[in-house]
Amino acid sequence: MRIETHSMGENHTAPLGLALGGGVARGWAHIGAIRALIEAGIRPDIIAGTSIGAVVGGAYLAGKIDILEKWARGLNRRKMMSYMDVRWGGAGFLRGERLARVLNHYMGDIKIEDLDRKFAAVTCDLRTGYEVWLQRGPIVPAVRASYALPGAFEPVKVDGRFMIDGALVNPVPVSACRALGAHMVIAISLNGDAFGPIGSSHELDMTGTDDDKDLVDPFHLAGQSLNKLRPDRLLLKSMVGNVRPGTSPKIGSVMMGTLNIVMDRISRSRLAGDPPDVFVAPRIGHIGMLEFTKADELIERGYHAMQHEIPLIKSVMDILAQMPTAAAATTDD
C-alpha cells in the first residue's frame with residue numbers, strides 16, 4: 001500500500017483547465033492567448049473547446065498551433081471564397097468539405113485519446129438537444145461537429161448521431177473543464193463585448209483584389225465578369241456580400257447576429273452558475289464574426305488580453321499549490 005500526503009506549505013500540482021469559447025472568426029484570438037500562456041510557462045492540463053475554440057484547442061494539443069496560425073494569418077478574401085463550397089438542397093449552406101480537407105491534411109491521423117492531455121470538443125446532439133463532449137475518436141470529425149453551425153454547415157455524424165455547433169448549448173465550456181478534473185479554470189470568452197459588428201462591408205467582397213492574382217480561385221472560369229454570374233457566387237453575395245450602413249441585413253448577418261445573441265445570453269447564465277477562476281475577454285467586438293481575414297489583429301488582441309491576466313493566473317496557481325489536500329491511499333491488488 002502506498003500513501004501520499006500533502007501538508008500545508010507543501011506544493012502540489014492542481015490540474016489547470018482552459019475553456020476556449022465559440023465566436024466564429026473571432027476565435028483567432030485564442031491563438032494569441034495560447035501564445036501568451038506558452039510564453040509565461042503555463043501549460044494547461046485540460047482543454048475544452050466550443051466551435052472555433054475546439055479547432056484552436058485541438059490544433060494546440062496536436063502540436064499544430066504554428067501551422068494553424070500561419071494558415072489563419074495567410075487568409076484573404078480570395079482564399080476565403082475558395083473554401084466556401086455551396087451545397088444546393090442540403091442540410092447546410094456549405095458542404096464544409098474543403099475546410100475538412102485542410103484539417104485532415106494536418107490532423108487526419110490524430111485521435112483525441114492519443115493526445116498528451118485531456119481534450120473535449122463541445123457539440124450538441126441535433127435530435128435531443130443534449131450537450132455532448134467528444135473525448136475519443138478522430139479529432140477532425142470532433143472539431144467539425146463542434147463548429148457545425150446550423151444553416152451554415154451540415155450536421156456532422158459522430159457515432160450514429162448528428163451533431164451541431166456546441167455554441168448553442170455551452171459557448172464557454174467551463175463546466176466541461178471542471179468535469180474533466182480541472183481544479184482551476186481559465187476561460188476565454190469571445191463575447192465580452194458581444195454586440196459589435198457581425199460582419200463587414202468588405203470581408204467577402206466577390207471581386208477580389210489585384211493582390212490575389214497569384215492564388216488559385218476554384219470559382220475562376222474565363223474571367224471575372226463570368227465569375228460574378230455564377231449562381232453560387234450570386235448566392236454567396238446575397239447572403240454575406242457587401243453590407244452598407246442603413247441597408248437591410250443579409251441572411252448571413254442575421255445568422256451571425258442571432259448566434260451572437262444566443263452565445264451572450266447562454267454564456268451569462270452558464271458562467272453565473274459555474275464561474276471560471278480567471279476570465280479573459282479580449283476586446284474584439286469591433287471585429288465582425290465573419291472577418292476571418294483579421295487574424296493578425298485578433299491574435300494580437302488575444303495575446304495582450306491573456307498577458308494582462310498572467311499575474312492573476314500565477315497568483316491563483318500559487319494559492320492552490322499551498323492548499324492542503326486530504327491523504328490519498330491506493331491499495332495494490
# chains A, B, ... in the order shown; residues from 1 in each chain; ligands from 1
call {"tool": "residues_around", "arguments": {"residues": "Tyr303 of chain A", "least_positions_apart": "3", "cutoff": "9 Å", "atoms": "only C-alpha atoms", "output": "VMD selection string"}}
result
chain A and resid 29 to 37 282 298 to 300 306 to 308
call {"tool": "closest_atom_pairs", "arguments": {"of": "segment 45-77 of chain A", "to": "segment 124-141 of chain A", "cutoff": "9 Å", "atoms": "only C-alpha atoms", "output": "JSON lines"}}
result
{"residue": "A:Ala48", "atom": "CA", "partner": "A:Trp133", "partner_atom": "CA", "distance": 8.5}
{"residue": "A:Val55", "atom": "CA", "partner": "A:Val140", "partner_atom": "CA", "distance": 8.6}
{"residue": "A:Gly58", "atom": "CA", "partner": "A:Ile139", "partner_atom": "CA", "distance": 7.2}
call {"tool": "write_last_selection", "arguments": {"atoms": "C-alpha atoms", "output": "compact mmCIF listing (two decimals), in the first residue's frame"}}
result
# COMPACT_ATOMS: atom_id res chain seq x y z
CA ALA A 48 -12.37 22.09 -23.59
CA VAL A 55 -10.42 23.94 -33.61
CA GLY A 58 -7.34 20.69 -30.80
call {"tool": "residues_around", "arguments": {"residues": "Arg98 of chain A", "least_positions_apart": "6", "cutoff": "10 Å", "atoms": "only C-alpha atoms", "output": "ChimeraX atom specification"}}
result
/A:82-85,104
call {"tool": "closest_residue", "arguments": {"among": "A:Ala62, A:Val262, A:Val174, A:Met289", "to": "Asp274 of chain A", "atoms": "only C-alpha atoms"}}
result
A:Val174
call {"tool": "select_by_dssp", "arguments": {"residues": "segment 31-127 of chain A", "states": "helix (DSSP H, G or I)", "output": "VMD selection string"}}
result
chain A and resid 31 to 39 52 to 61 65 to 73 77 to 82 97 to 107 112 to 114
call {"tool": "residues_around", "arguments": {"residues": "Ala295 of chain A", "least_positions_apart": "5", "cutoff": "6 Å", "atoms": "only C-alpha atoms", "output": "list in words"}}
result
Trp28, Ala72 and Arg73 of chain A
call {"tool": "write_last_selection", "arguments": {"atoms": "all heavy atoms", "output": "JSON list (two decimals), in the first residue's frame"}}
result
[["chain", "number", "residue", "atom", "x", "y", "z"],
["A", 28, "TRP", "N", -9.72, 33.39, -33.72],
["A", 28, "TRP", "CA", -8.28, 33.51, -33.91],
["A", 28, "TRP", "C", -7.62, 34.14, -32.70],
["A", 28, "TRP", "O", -6.41, 33.96, -32.47],
["A", 28, "TRP", "CB", -7.96, 34.33, -35.15],
["A", 28, "TRP", "CG", -8.41, 33.78, -36.47],
["A", 28, "TRP", "CD1", -8.80, 34.51, -37.57],
["A", 28, "TRP", "CD2", -8.47, 32.40, -36.90],
["A", 28, "TRP", "NE1", -9.12, 33.68, -38.63],
["A", 28, "TRP", "CE2", -8.92, 32.38, -38.25],
["A", 28, "TRP", "CE3", -8.19, 31.19, -36.27],
["A", 28, "TRP", "CZ2", -9.09, 31.20, -38.96],
["A", 28, "TRP", "CZ3", -8.38, 30.00, -36.98],
["A", 28, "TRP", "CH2", -8.82, 30.01, -38.30],
["A", 72, "ALA", "N", -4.07, 30.89, -40.74],
["A", 72, "ALA", "CA", -5.02, 31.95, -40.42],
["A", 72, "ALA", "C", -4.50, 33.31, -40.86],
["A", 72, "ALA", "O", -5.23, 34.13, -41.44],
["A", 72, "ALA", "CB", -5.30, 31.97, -38.92],
["A", 73, "ARG", "N", -3.23, 33.57, -40.61],
["A", 73, "ARG", "CA", -2.65, 34.86, -40.99],
["A", 73, "ARG", "C", -2.59, 35.03, -42.51],
["A", 73, "ARG", "O", -2.54, 36.16, -43.01],
["A", 73, "ARG", "CB", -1.24, 35.00, -40.40],
["A", 73, "ARG", "CG", -1.21, 35.22, -38.88],
["A", 73, "ARG", "CD", 0.21, 35.43, -38.41],
["A", 73, "ARG", "NE", 0.33, 35.55, -36.96],
["A", 73, "ARG", "CZ", 0.19, 36.69, -36.28],
["A", 73, "ARG", "NH1", -0.11, 37.81, -36.93],
["A", 73, "ARG", "NH2", 0.34, 36.72, -34.96]]
call {"tool": "atom_distance", "arguments": {"atom1": "atom CA of Leu320 of chain A", "atom2": "atom CA of Asn191 of chain A"}}
result
28.2 Å
call {"tool": "closest_residue", "arguments": {"among": "A:Pro276, A:Gly17, A:Gly302, A:Gly53", "to": "Pro171 of chain A", "atoms": "only C-alpha atoms"}}
result
A:Gly53
call {"tool": "select_by_dssp", "arguments": {"residues": "segment 128-196 of chain A", "states": "strand (DSSP E)", "output": "list in words"}}
result
Glu131, Val132, Trp133, Leu134, Gly151, Ala152, Phe153, Val156, Lys157, Val158, Arg161, Phe162, Met163, Ile164, Asp165, Met184, Val185, Ile186, Ala187 and Ile188 of chain A
call {"tool": "closest_residue", "arguments": {"among": "A:Arg283, A:Thr123, A:Leu290, A:Arg144", "to": "Val102 of chain A", "atoms": "only C-alpha atoms"}}
result
A:Arg144
